[in-house]
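S.K.: File name structure.csv; file contents CSV, C-alpha atoms; full text below.
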```csv
chain,number,residue,atom,x,y,z
D,1,MET,CA,142.8,35.2,107.9
D,2,GLY,CA,145.9,37.1,106.7
D,3,LYS,CA,146.8,40.7,107.3
D,4,GLY,CA,146.0,41.6,103.6
D,5,THR,CA,142.5,40.1,103.8
D,6,LYS,CA,141.8,42.0,107.0
D,7,ILE,CA,142.8,45.3,105.4
D,8,THR,CA,140.7,44.5,102.3
D,9,LEU,CA,137.7,43.7,104.5
D,10,VAL,CA,138.1,46.9,106.5
D,11,VAL,CA,138.4,49.0,103.3
D,12,LEU,CA,135.4,47.2,101.8
D,13,ALA,CA,133.4,47.8,105.1
D,14,VAL,CA,134.4,51.5,105.0
D,15,ILE,CA,133.3,51.8,101.3
D,16,VAL,CA,130.0,50.0,102.0
D,17,GLY,CA,129.5,52.3,105.0
D,18,PHE,CA,130.0,55.4,103.0
D,19,ALA,CA,127.8,54.1,100.2
D,20,LEU,CA,125.1,53.3,102.8
D,21,LEU,CA,125.4,56.8,104.3
D,22,PHE,CA,125.2,58.3,100.8
D,23,VAL,CA,122.1,56.3,99.9
D,24,LEU,CA,120.4,57.2,103.2
D,25,GLY,CA,121.3,60.8,102.8
D,26,PHE,CA,119.9,60.8,99.2
D,27,TYR,CA,116.8,59.0,100.4
D,28,GLY,CA,116.3,61.6,103.2
D,29,MET,CA,116.7,64.5,100.8
D,30,TYR,CA,114.3,63.1,98.4
D,31,ASN,CA,111.7,62.4,101.1
D,32,LYS,CA,112.0,65.9,102.5
D,33,MET,CA,111.5,67.4,99.0
D,34,VAL,CA,108.4,65.3,98.5
D,35,THR,CA,107.1,66.5,101.9
D,36,MET,CA,107.9,70.1,101.2
D,37,ASP,CA,106.4,69.9,97.7
D,38,GLU,CA,103.2,68.5,99.2
D,39,GLY,CA,103.3,71.3,101.8
D,40,VAL,CA,103.4,73.9,99.0
D,41,LYS,CA,100.5,72.1,97.2
D,42,THR,CA,98.5,72.1,100.4
D,43,ALA,CA,99.2,75.8,101.1
D,44,TRP,CA,98.1,76.5,97.5
D,45,ALA,CA,94.9,74.5,97.9
D,46,GLN,CA,94.1,76.7,100.9
D,47,VAL,CA,94.7,79.8,98.8
D,48,GLU,CA,92.4,78.4,96.1
D,49,ASN,CA,89.7,77.7,98.7
D,50,GLN,CA,89.7,81.4,99.7
D,51,LEU,CA,89.9,82.5,96.1
D,52,GLN,CA,86.9,80.3,95.2
D,53,ARG,CA,85.0,81.9,98.1
D,54,ARG,CA,85.7,85.3,96.7
D,55,MET,CA,84.7,84.1,93.2
D,56,ASP,CA,81.4,82.9,94.6
D,57,LEU,CA,80.7,86.2,96.3
D,58,ILE,CA,81.6,88.4,93.4
D,59,PRO,CA,78.5,87.8,91.2
D,60,ASN,CA,76.1,88.7,94.1
D,61,TYR,CA,78.2,91.8,94.9
D,62,VAL,CA,78.3,92.9,91.2
D,63,GLU,CA,74.6,92.3,90.8
D,64,THR,CA,73.8,94.4,93.9
D,65,VAL,CA,76.0,97.3,92.6
D,66,LYS,CA,74.6,97.0,89.1
D,67,GLY,CA,71.1,97.8,90.4
D,68,TYR,CA,72.4,101.2,91.6
D,69,ALA,CA,75.1,102.0,89.0
D,70,LYS,CA,73.7,101.0,85.6
D,71,HIS,CA,76.0,103.3,83.7
D,72,GLU,CA,79.2,101.8,85.1
D,73,ARG,CA,79.2,99.0,82.5
D,74,GLU,CA,83.0,99.1,81.9
D,75,VAL,CA,83.9,98.2,85.5
D,76,PHE,CA,81.4,95.3,85.5
D,77,ILE,CA,82.9,93.9,82.3
D,78,GLU,CA,86.4,94.2,83.7
D,79,VAL,CA,85.4,92.3,86.9
D,80,THR,CA,83.6,89.6,84.8
D,81,ASN,CA,86.5,89.2,82.5
D,82,ALA,CA,89.0,89.0,85.3
D,83,ARG,CA,86.8,86.5,87.1
D,84,SER,CA,86.6,84.4,83.9
D,85,LYS,CA,90.4,84.5,83.6
D,86,VAL,CA,90.8,83.1,87.1
D,87,ALA,CA,88.2,80.4,86.5
D,88,GLY,CA,90.1,79.3,83.3
D,89,ALA,CA,93.6,79.3,84.9
D,90,VAL,CA,95.2,75.8,84.9
D,91,ASN,CA,98.3,76.4,87.0
D,92,PRO,CA,99.3,78.5,90.0
D,93,ALA,CA,101.2,81.1,87.9
D,94,GLN,CA,98.1,81.7,85.8
D,95,LYS,CA,95.8,81.8,88.8
D,96,ILE,CA,98.1,84.3,90.5
D,97,GLU,CA,98.1,86.6,87.4
D,98,GLY,CA,94.3,86.3,87.1
D,99,ASN,CA,93.7,87.0,90.8
D,100,ASN,CA,95.9,90.0,90.6
D,101,GLN,CA,93.8,91.3,87.7
D,102,LEU,CA,90.6,90.5,89.7
D,103,THR,CA,91.9,92.3,92.7
D,104,ALA,CA,92.6,95.4,90.6
D,105,ALA,CA,89.1,95.2,89.0
D,106,LEU,CA,87.5,94.9,92.5
D,107,SER,CA,89.4,98.0,93.6
D,108,ARG,CA,87.9,99.9,90.7
D,109,LEU,CA,84.4,98.5,91.6
D,110,LEU,CA,84.9,99.8,95.1
D,111,LEU,CA,85.6,103.2,93.7
D,112,VAL,CA,82.2,103.0,91.9
D,113,VAL,CA,80.5,102.1,95.1
D,114,GLU,CA,81.7,105.4,96.7
D,115,ASN,CA,79.6,107.3,94.2
D,116,TYR,CA,76.4,105.8,95.4
D,117,PRO,CA,75.5,106.6,99.0
D,118,ASN,CA,72.2,104.7,98.9
D,119,LEU,CA,74.0,101.6,97.9
D,120,LYS,CA,76.3,101.9,100.9
D,121,ALA,CA,73.2,102.0,103.1
D,122,ASN,CA,71.7,98.8,101.5
D,123,GLN,CA,71.7,95.9,104.0
D,124,ASN,CA,72.4,93.2,101.4
D,125,PHE,CA,75.2,95.2,100.0
D,126,ILE,CA,76.7,95.8,103.5
D,127,ARG,CA,76.5,92.1,104.3
D,128,LEU,CA,78.2,91.2,100.9
D,129,GLN,CA,80.8,93.9,101.4
D,130,ASP,CA,81.6,92.5,104.9
D,131,GLU,CA,81.8,89.0,103.6
D,132,LEU,CA,84.1,90.1,100.7
D,133,ALA,CA,86.3,92.0,103.2
D,134,GLY,CA,86.6,89.0,105.4
D,135,THR,CA,87.4,86.8,102.4
D,136,GLU,CA,90.1,89.3,101.3
D,137,ASN,CA,91.7,89.0,104.8
D,138,ARG,CA,91.6,85.2,104.6
D,139,ILE,CA,93.2,85.3,101.1
D,140,ALA,CA,95.9,87.5,102.5
D,141,VAL,CA,96.6,85.1,105.3
D,142,GLU,CA,96.6,82.0,103.0
D,143,ARG,CA,98.8,83.9,100.5
D,144,MET,CA,101.3,84.5,103.3
D,145,ARG,CA,101.3,80.9,104.4
D,146,TYR,CA,101.7,79.7,100.8
D,147,ASN,CA,104.6,82.1,100.2
D,148,GLU,CA,106.3,80.9,103.4
D,149,ALA,CA,105.9,77.2,102.2
D,150,VAL,CA,107.2,78.2,98.8
D,151,ARG,CA,110.2,80.0,100.2
D,152,GLY,CA,111.2,77.1,102.4
D,153,TYR,CA,110.8,74.6,99.6
D,154,ASN,CA,112.6,76.8,97.0
D,155,VAL,CA,115.5,77.4,99.4
D,156,TYR,CA,115.8,73.7,100.2
D,157,ILE,CA,115.9,72.5,96.6
D,158,ARG,CA,118.5,75.1,95.7
D,159,ARG,CA,121.0,74.2,98.4
D,160,VAL,CA,123.9,71.9,97.6
D,161,PRO,CA,123.7,68.8,97.4
D,162,ASN,CA,119.9,69.0,97.5
D,163,ASN,CA,119.9,70.7,94.1
D,164,LEU,CA,121.4,67.6,92.5
D,165,VAL,CA,118.6,65.4,93.9
D,166,ALA,CA,116.0,68.0,92.9
D,167,ALA,CA,117.4,68.1,89.3
D,168,ILE,CA,117.5,64.3,89.1
D,169,PHE,CA,113.8,63.9,90.2
D,170,GLY,CA,112.5,67.1,88.5
D,171,PHE,CA,111.7,69.2,91.6
D,172,GLY,CA,111.4,72.7,90.2
D,173,ARG,CA,110.9,76.1,91.9
D,174,ALA,CA,107.4,77.0,92.9
D,175,PRO,CA,106.0,80.5,92.1
D,176,LEU,CA,105.5,83.0,94.8
D,177,PHE,CA,102.1,84.8,95.0
D,178,GLU,CA,103.3,88.3,94.6
D,179,ALA,CA,101.3,91.5,94.4
D,180,PRO,CA,100.9,93.0,90.9
D,181,ALA,CA,102.8,96.1,90.0
D,182,GLU,CA,99.6,98.2,90.1
D,183,ALA,CA,99.2,97.4,93.8
D,184,LYS,CA,102.5,99.1,94.5
D,185,GLN,CA,101.1,102.4,93.2
D,186,PRO,CA,99.1,104.6,95.6
D,187,PRO,CA,95.4,104.8,94.6
D,188,LYS,CA,94.2,107.9,92.9
D,189,VAL,CA,91.4,109.6,94.8
D,190,LYS,CA,89.3,112.2,93.0
D,191,PHE,CA,86.6,114.4,94.6
```
Now that the file is in, can you turn its structure into structure tokens?

M.R.:
Amino acid sequence: MGKGTKITLVVLAVIVGFALLFVLGFYGMYNKMVTMDEGVKTAWAQVENQLQRRMDLIPNYVETVKGYAKHEREVFIEVTNARSKVAGAVNPAQKIEGNNQLTAALSRLLLVVENYPNLKANQNFIRLQDELAGTENRIAVERMRYNEAVRGYNVYIRRVPNNLVAAIFGFGRAPLFEAPAEAKQPPKVKF
């Protein structure tokens, strides 16, 4: 084997080695994106589980309050409409928006409850209110976990060279579950 052939084989081996490293790196980035994307979907499924629990509790809660507050029709309609919007949502962004509206409507419903001392003493109502409060806490925890998964995923797919692999395979940014603008305003309390 001549000196020129050895140099050619070494250069070819180096090129093949770099190509192999590139392919393995590409493969690793893609697999990590798939894993992180599934983590985001799993975290979102947990959020949805808790949101569904809240959706299941709301009709009983509303019916209990309705018995005491027959003239508060507007608030009940608002809660029902927001609940319908959540039920009809087809993607995380729509569900986030619908749940933010539902949270606002439930806040107004809780203000109605304050006007009815007998209702606050009703055992069924107390039990439902405790379940709803527990569910709201679970939602807050799952929203936090979801947002952490989304943050990690979004950062990963935006980094170079990961952003190239993400663009090639269609990995897009996932939406954060953010509080609505109304939640940032202090509640108005009237006596």

S.K.: Which residues are close to region 25-33 of chain D, i.e. within 8 Å by only C-alpha atoms, leaving aside same-chain residues fewer than 3 positions away? Reply as a list in words.

M.R.: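 With the cut-off at 8 Å, the set is Leu21, Phe22, Met36, Asp37, Tyr153, Tyr156, Ile157, Asn162, Val165, Ala166 and Phe171 of chain D.
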
S.K.: For CA of Val86 (chain D) and CA of Gly98 (chain D), quote the distance in Å rounded to one decimal.

M.R.: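 Computed distance, CA of Val86 (chain D) to CA of Gly98 (chain D), equals 4.7 Å.
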
S.K.: Using all atoms listed in the file, which of the listed residues (D:Phe76, D:Tyr61, D:Arg83, D:Ile96) sits closest to Glu48 (chain D)?

M.R.: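 Distance minimum relative to Glu48 (chain D) lands on D:Ile96.
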
S.K.: Skipping near chain neighbours, those fewer than 4 positions away, what residues fall within 9 Å of Glu178 (chain D) using all atoms listed in the file, listed as a PyMOL selection string?

M.R.: chain D and resi 96+100+143+147

S.K.: Record the distance separating CA of Thr80 (chain D) and CA of Leu111 (chain D), expressed in Å with one decimal.

M.R.: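 Result for CA of Thr80 (chain D) versus CA of Leu111 (chain D): 16.4 Å, one decimal.
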
S.K.: Between CA of Gln50 (chain D) and CA of Glu63 (chain D), what distance in Å does the model show, to one decimal?

M.R.: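 CA of Gln50 (chain D) sits 20.6 Å away from CA of Glu63 (chain D).
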
S.K.: Take region 166-178 of chain D, bring it up to N, CA and C atoms, and give me the output as a PDB file, keeping the file's coordinate frame.

M.R.:
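Saved result, selection-v7.pdb, follows:
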```pdb
ATOM      1  N   ALA D 166     117.184  67.321  93.462  1.00  0.00           N
ATOM      2  CA  ALA D 166     116.000  68.000  92.900  1.00  0.00           C
ATOM      3  C   ALA D 166     116.099  67.942  91.342  1.00  0.00           C
ATOM      4  N   ALA D 167     117.282  68.141  90.778  1.00  0.00           N
ATOM      5  CA  ALA D 167     117.400  68.100  89.300  1.00  0.00           C
ATOM      6  C   ALA D 167     117.167  66.675  88.794  1.00  0.00           C
ATOM      7  N   ILE D 168     117.660  65.675  89.496  1.00  0.00           N
ATOM      8  CA  ILE D 168     117.500  64.300  89.100  1.00  0.00           C
ATOM      9  C   ILE D 168     115.998  63.915  89.027  1.00  0.00           C
ATOM     10  N   PHE D 169     115.250  64.324  90.041  1.00  0.00           N
ATOM     11  CA  PHE D 169     113.800  63.900  90.200  1.00  0.00           C
ATOM     12  C   PHE D 169     112.860  64.993  89.668  1.00  0.00           C
ATOM     13  N   GLY D 170     113.365  66.077  89.102  1.00  0.00           N
ATOM     14  CA  GLY D 170     112.500  67.100  88.500  1.00  0.00           C
ATOM     15  C   GLY D 170     111.758  67.986  89.463  1.00  0.00           C
ATOM     16  N   PHE D 171     112.302  68.216  90.638  1.00  0.00           N
ATOM     17  CA  PHE D 171     111.700  69.200  91.600  1.00  0.00           C
ATOM     18  C   PHE D 171     112.076  70.572  91.115  1.00  0.00           C
ATOM     19  N   GLY D 172     111.100  71.354  90.690  1.00  0.00           N
ATOM     20  CA  GLY D 172     111.400  72.700  90.200  1.00  0.00           C
ATOM     21  C   GLY D 172     110.882  73.737  91.224  1.00  0.00           C
ATOM     22  N   ARG D 173     111.299  74.971  90.999  1.00  0.00           N
ATOM     23  CA  ARG D 173     110.900  76.100  91.900  1.00  0.00           C
ATOM     24  C   ARG D 173     109.394  76.305  91.762  1.00  0.00           C
ATOM     25  N   ALA D 174     108.782  76.637  92.869  1.00  0.00           N
ATOM     26  CA  ALA D 174     107.400  77.000  92.900  1.00  0.00           C
ATOM     27  C   ALA D 174     107.244  78.507  92.824  1.00  0.00           C
ATOM     28  N   PRO D 175     106.180  79.021  92.167  1.00  0.00           N
ATOM     29  CA  PRO D 175     106.000  80.500  92.100  1.00  0.00           C
ATOM     30  C   PRO D 175     105.492  81.102  93.338  1.00  0.00           C
ATOM     31  N   LEU D 176     106.000  82.266  93.664  1.00  0.00           N
ATOM     32  CA  LEU D 176     105.500  83.000  94.800  1.00  0.00           C
ATOM     33  C   LEU D 176     104.192  83.742  94.332  1.00  0.00           C
ATOM     34  N   PHE D 177     103.304  84.006  95.258  1.00  0.00           N
ATOM     35  CA  PHE D 177     102.100  84.800  95.000  1.00  0.00           C
ATOM     36  C   PHE D 177     102.398  86.209  95.340  1.00  0.00           C
ATOM     37  N   GLU D 178     102.837  86.974  94.348  1.00  0.00           N
ATOM     38  CA  GLU D 178     103.300  88.300  94.600  1.00  0.00           C
ATOM     39  C   GLU D 178     102.185  89.331  94.167  1.00  0.00           C
TER      40      GLU D 178
END
```
